[in-house]
Amino acid sequence: MTTSQLWHCITVMCEEITQDRFLNDRIAVLQYRNGYRFSIDAALLAAFAAPDGGSRIVDLGTGCGIIPLILGYRYPGVHIVGVEIQETLAKLATRNAVINGFTNRIVIRCANLNSLSIQDVAGPVDLVVSNPPYRKAMSGRINPKRQQAVARHEILTTLSDVVNAARRLLGIGGQFAVIYPAERVTDLLAAMRAAGIEPKQLQTVHSRSHGLARRVLVSGVKGSRPGGMTVRPPLTIYEADGAYTRDVKAMLADG
């Protein structure tokens, strides 16, 4: 099945918008009820990235803009460009920046990563973050809802597109931080090194303490010499009773 045939089978039902509160009600997040909705992965990546106070940041595949909202709230000195290929989500992300009072520090661009240039983001930038599509285009079940399908499968954007866009936008010494499925960590590390972004930190993410890793958090530095990776202690999301662990609670708090 070709991409055009695939989209022939996908329907869009995402008109209704909800408003949710996040970070102990400190930020409001508009989302499509039947469209793509952010997951805890966004909060994990935002905490892992931990930018310097005055960083210039780009979020590739920003969706509703949740990562810029978290970083903008936690780090008042940063300036962020969120890039989103889907126009409906880009417009929603812009609305989220407006209602949270971040229009002076968060800008949303509707663009294809392959055509994105340094000029589009007032770069080179200090940090690029991304929670990219996890699955290859024709692998597994494709969600019939367009926003979810594009967010989860490499239909409009591939891993290579994301890593190469990060390479173009970063200055030498700039950092790229990403969350990705543990089963595809080899693909991620190979793509980063091939793009001249040397992996420097890695943390596995587990649903529960005795389970296999479900995600990996990885950061790399553009132009750095090979080697010298630090592997952080594993991050566990849930306690045995289903409550969030202390580490995750801290990521979801407003402090």
# chains A, B, ... in the order shown; residues from 1 in each chain; ligands from 1

$ residues_around --residues "Ala243 in chain A" --least-positions-apart "6" --cutoff "12 Å" --atoms "only C-alpha atoms" --output "PyMOL selection string"
chain A and resi 207-208+236-237+249

$ residues_around --residues "range 18-34 of chain A" --least-positions-apart "5" --cutoff "7 Å" --atoms "only C-alpha atoms" --output "PyMOL selection string"
chain A and resi 13+64+92+96+100+252-254

$ residues_around --residues "Ala166 in chain A" --least-positions-apart "6" --cutoff "12 Å" --atoms "only C-alpha atoms" --output "ChimeraX atom specification"
/A:57-61,83,113-114,116-118,121,123-130,132,159-160,172,174-178,191-192,195-197,219-222

$ write_last_selection --atoms "N, CA and C atoms" --output "mmCIF file, in the first residue's frame"
data_model
loop_
_atom_site.group_PDB
_atom_site.id
_atom_site.type_symbol
_atom_site.label_atom_id
_atom_site.label_comp_id
_atom_site.auth_asym_id
_atom_site.auth_seq_id
_atom_site.Cartn_x
_atom_site.Cartn_y
_atom_site.Cartn_z
ATOM 1 N N ILE A 57 15.801 26.918 22.118
ATOM 2 C CA ILE A 57 15.388 25.518 22.011
ATOM 3 C C ILE A 57 14.455 25.339 20.822
ATOM 4 N N VAL A 58 14.560 24.185 20.167
ATOM 5 C CA VAL A 58 13.602 23.792 19.137
ATOM 6 C C VAL A 58 13.016 22.434 19.519
ATOM 7 N N ASP A 59 11.695 22.321 19.437
ATOM 8 C CA ASP A 59 11.000 21.049 19.664
ATOM 9 C C ASP A 59 10.476 20.561 18.321
ATOM 10 N N LEU A 60 11.023 19.459 17.843
ATOM 11 C CA LEU A 60 10.633 18.899 16.545
ATOM 12 C C LEU A 60 9.466 17.937 16.726
ATOM 13 N N GLY A 61 8.348 18.238 16.060
ATOM 14 C CA GLY A 61 7.142 17.428 16.214
ATOM 15 C C GLY A 61 6.428 17.802 17.498
ATOM 16 N N VAL A 83 8.015 23.014 16.226
ATOM 17 C CA VAL A 83 7.795 22.741 14.805
ATOM 18 C C VAL A 83 6.834 21.566 14.671
ATOM 19 N N LEU A 113 10.046 19.002 8.377
ATOM 20 C CA LEU A 113 11.409 19.034 8.902
ATOM 21 C C LEU A 113 12.457 19.041 7.800
ATOM 22 N N ASN A 114 12.160 18.433 6.674
ATOM 23 C CA ASN A 114 13.146 18.345 5.595
ATOM 24 C C ASN A 114 13.427 19.694 4.940
ATOM 25 N N LEU A 116 13.169 22.590 6.806
ATOM 26 C CA LEU A 116 13.419 23.512 7.904
ATOM 27 C C LEU A 116 14.871 23.980 7.873
ATOM 28 N N SER A 117 15.068 25.291 7.997
ATOM 29 C CA SER A 117 16.415 25.856 7.973
ATOM 30 C C SER A 117 16.713 26.594 9.260
ATOM 31 N N ILE A 118 17.981 26.925 9.452
ATOM 32 C CA ILE A 118 18.395 27.700 10.619
ATOM 33 C C ILE A 118 17.648 29.025 10.679
ATOM 34 N N VAL A 121 14.280 29.170 12.491
ATOM 35 C CA VAL A 121 14.240 29.078 13.951
ATOM 36 C C VAL A 121 15.192 30.070 14.614
ATOM 37 N N GLY A 123 18.311 30.341 14.351
ATOM 38 C CA GLY A 123 19.420 29.555 14.880
ATOM 39 C C GLY A 123 20.756 30.064 14.447
ATOM 40 N N PRO A 124 21.816 29.295 14.761
ATOM 41 C CA PRO A 124 21.795 27.976 15.375
ATOM 42 C C PRO A 124 21.330 28.015 16.833
ATOM 43 N N VAL A 125 20.762 26.880 17.290
ATOM 44 C CA VAL A 125 20.165 26.826 18.620
ATOM 45 C C VAL A 125 21.026 25.973 19.560
ATOM 46 N N ASP A 126 20.690 26.053 20.848
ATOM 47 C CA ASP A 126 21.464 25.360 21.877
ATOM 48 C C ASP A 126 20.968 23.946 22.137
ATOM 49 N N LEU A 127 19.661 23.729 21.963
ATOM 50 C CA LEU A 127 19.059 22.445 22.313
ATOM 51 C C LEU A 127 17.933 22.128 21.347
ATOM 52 N N VAL A 128 17.922 20.905 20.846
ATOM 53 C CA VAL A 128 16.794 20.380 20.071
ATOM 54 C C VAL A 128 16.238 19.184 20.826
ATOM 55 N N VAL A 129 14.930 19.177 21.031
ATOM 56 C CA VAL A 129 14.269 18.040 21.669
ATOM 57 C C VAL A 129 13.259 17.449 20.702
ATOM 58 N N SER A 130 12.968 16.166 20.869
ATOM 59 C CA SER A 130 11.969 15.541 20.006
ATOM 60 C C SER A 130 11.410 14.277 20.636
ATOM 61 N N PRO A 132 9.638 11.800 18.662
ATOM 62 C CA PRO A 132 9.259 11.551 17.265
ATOM 63 C C PRO A 132 8.353 10.333 17.110
ATOM 64 N N LEU A 159 12.761 8.889 11.488
ATOM 65 C CA LEU A 159 13.839 9.120 12.448
ATOM 66 C C LEU A 159 14.983 9.875 11.793
ATOM 67 N N SER A 160 15.334 9.499 10.586
ATOM 68 C CA SER A 160 16.406 10.175 9.871
ATOM 69 C C SER A 160 16.083 11.649 9.648
ATOM 70 N N ILE A 172 27.595 24.020 16.984
ATOM 71 C CA ILE A 172 28.592 23.087 17.477
ATOM 72 C C ILE A 172 28.563 23.108 19.008
ATOM 73 N N GLY A 174 25.988 22.065 20.608
ATOM 74 C CA GLY A 174 24.583 22.025 20.982
ATOM 75 C C GLY A 174 24.127 20.602 21.249
ATOM 76 N N GLN A 175 23.031 20.470 22.011
ATOM 77 C CA GLN A 175 22.567 19.152 22.440
ATOM 78 C C GLN A 175 21.245 18.766 21.774
ATOM 79 N N PHE A 176 21.120 17.482 21.514
ATOM 80 C CA PHE A 176 19.896 16.886 20.990
ATOM 81 C C PHE A 176 19.414 15.872 22.018
ATOM 82 N N ALA A 177 18.150 16.006 22.480
ATOM 83 C CA ALA A 177 17.573 15.098 23.463
ATOM 84 C C ALA A 177 16.302 14.491 22.888
ATOM 85 N N VAL A 178 16.147 13.180 23.075
ATOM 86 C CA VAL A 178 15.053 12.462 22.428
ATOM 87 C C VAL A 178 14.590 11.319 23.308
ATOM 88 N N ALA A 191 21.798 6.558 13.950
ATOM 89 C CA ALA A 191 21.396 7.753 13.200
ATOM 90 C C ALA A 191 22.053 8.998 13.770
ATOM 91 N N MET A 192 22.137 9.085 15.090
ATOM 92 C CA MET A 192 22.769 10.249 15.718
ATOM 93 C C MET A 192 24.244 10.332 15.356
ATOM 94 N N ALA A 195 24.922 11.424 11.884
ATOM 95 C CA ALA A 195 24.639 12.835 11.650
ATOM 96 C C ALA A 195 25.634 13.754 12.365
ATOM 97 N N GLY A 196 26.616 13.171 13.031
ATOM 98 C CA GLY A 196 27.593 13.996 13.737
ATOM 99 C C GLY A 196 27.119 14.485 15.087
ATOM 100 N N ILE A 197 26.109 13.812 15.638
ATOM 101 C CA ILE A 197 25.621 14.107 16.987
ATOM 102 C C ILE A 197 26.001 12.915 17.857
ATOM 103 N N SER A 219 20.611 11.710 24.970
ATOM 104 C CA SER A 219 21.055 13.034 24.540
ATOM 105 C C SER A 219 22.432 12.913 23.913
ATOM 106 N N GLY A 220 22.684 13.776 22.943
ATOM 107 C CA GLY A 220 23.969 13.790 22.249
ATOM 108 C C GLY A 220 24.416 15.204 21.990
ATOM 109 N N VAL A 221 25.675 15.348 21.644
ATOM 110 C CA VAL A 221 26.276 16.662 21.423
ATOM 111 C C VAL A 221 26.793 16.743 19.993
ATOM 112 N N LYS A 222 26.401 17.783 19.288
ATOM 113 C CA LYS A 222 26.858 17.971 17.917
ATOM 114 C C LYS A 222 28.348 18.330 17.903
#

$ residues_around --residues "Asp41 in chain A" --least-positions-apart "5" --cutoff "10 Å" --atoms "only C-alpha atoms" --output "number ranges by chain"
A: 46-47, 67, 131, 178-180, 205, 215, 217

$ write_last_selection --atoms "C-alpha atoms" --output "PDB file, in the first residue's frame"
ATOM      1  CA  ALA A  46      11.292  17.740  29.260  1.00  0.00           C
ATOM      2  CA  ALA A  47      12.786  16.717  32.604  1.00  0.00           C
ATOM      3  CA  ILE A  67       7.027  20.273  25.703  1.00  0.00           C
ATOM      4  CA  ASN A 131       9.377  12.915  20.839  1.00  0.00           C
ATOM      5  CA  VAL A 178      15.053  12.462  22.428  1.00  0.00           C
ATOM      6  CA  ILE A 179      12.765   9.779  23.833  1.00  0.00           C
ATOM      7  CA  TYR A 180      12.385   6.617  21.768  1.00  0.00           C
ATOM      8  CA  VAL A 205      12.588   3.938  31.184  1.00  0.00           C
ATOM      9  CA  ARG A 215      11.663   3.677  26.338  1.00  0.00           C
ATOM     10  CA  LEU A 217      16.035   8.811  26.868  1.00  0.00           C
TER      11      LEU A 217
END

$ atom_distance --atom1 "CA of Asp52 in chain A" --atom2 "CA of Val78 in chain A"
7.9 Å
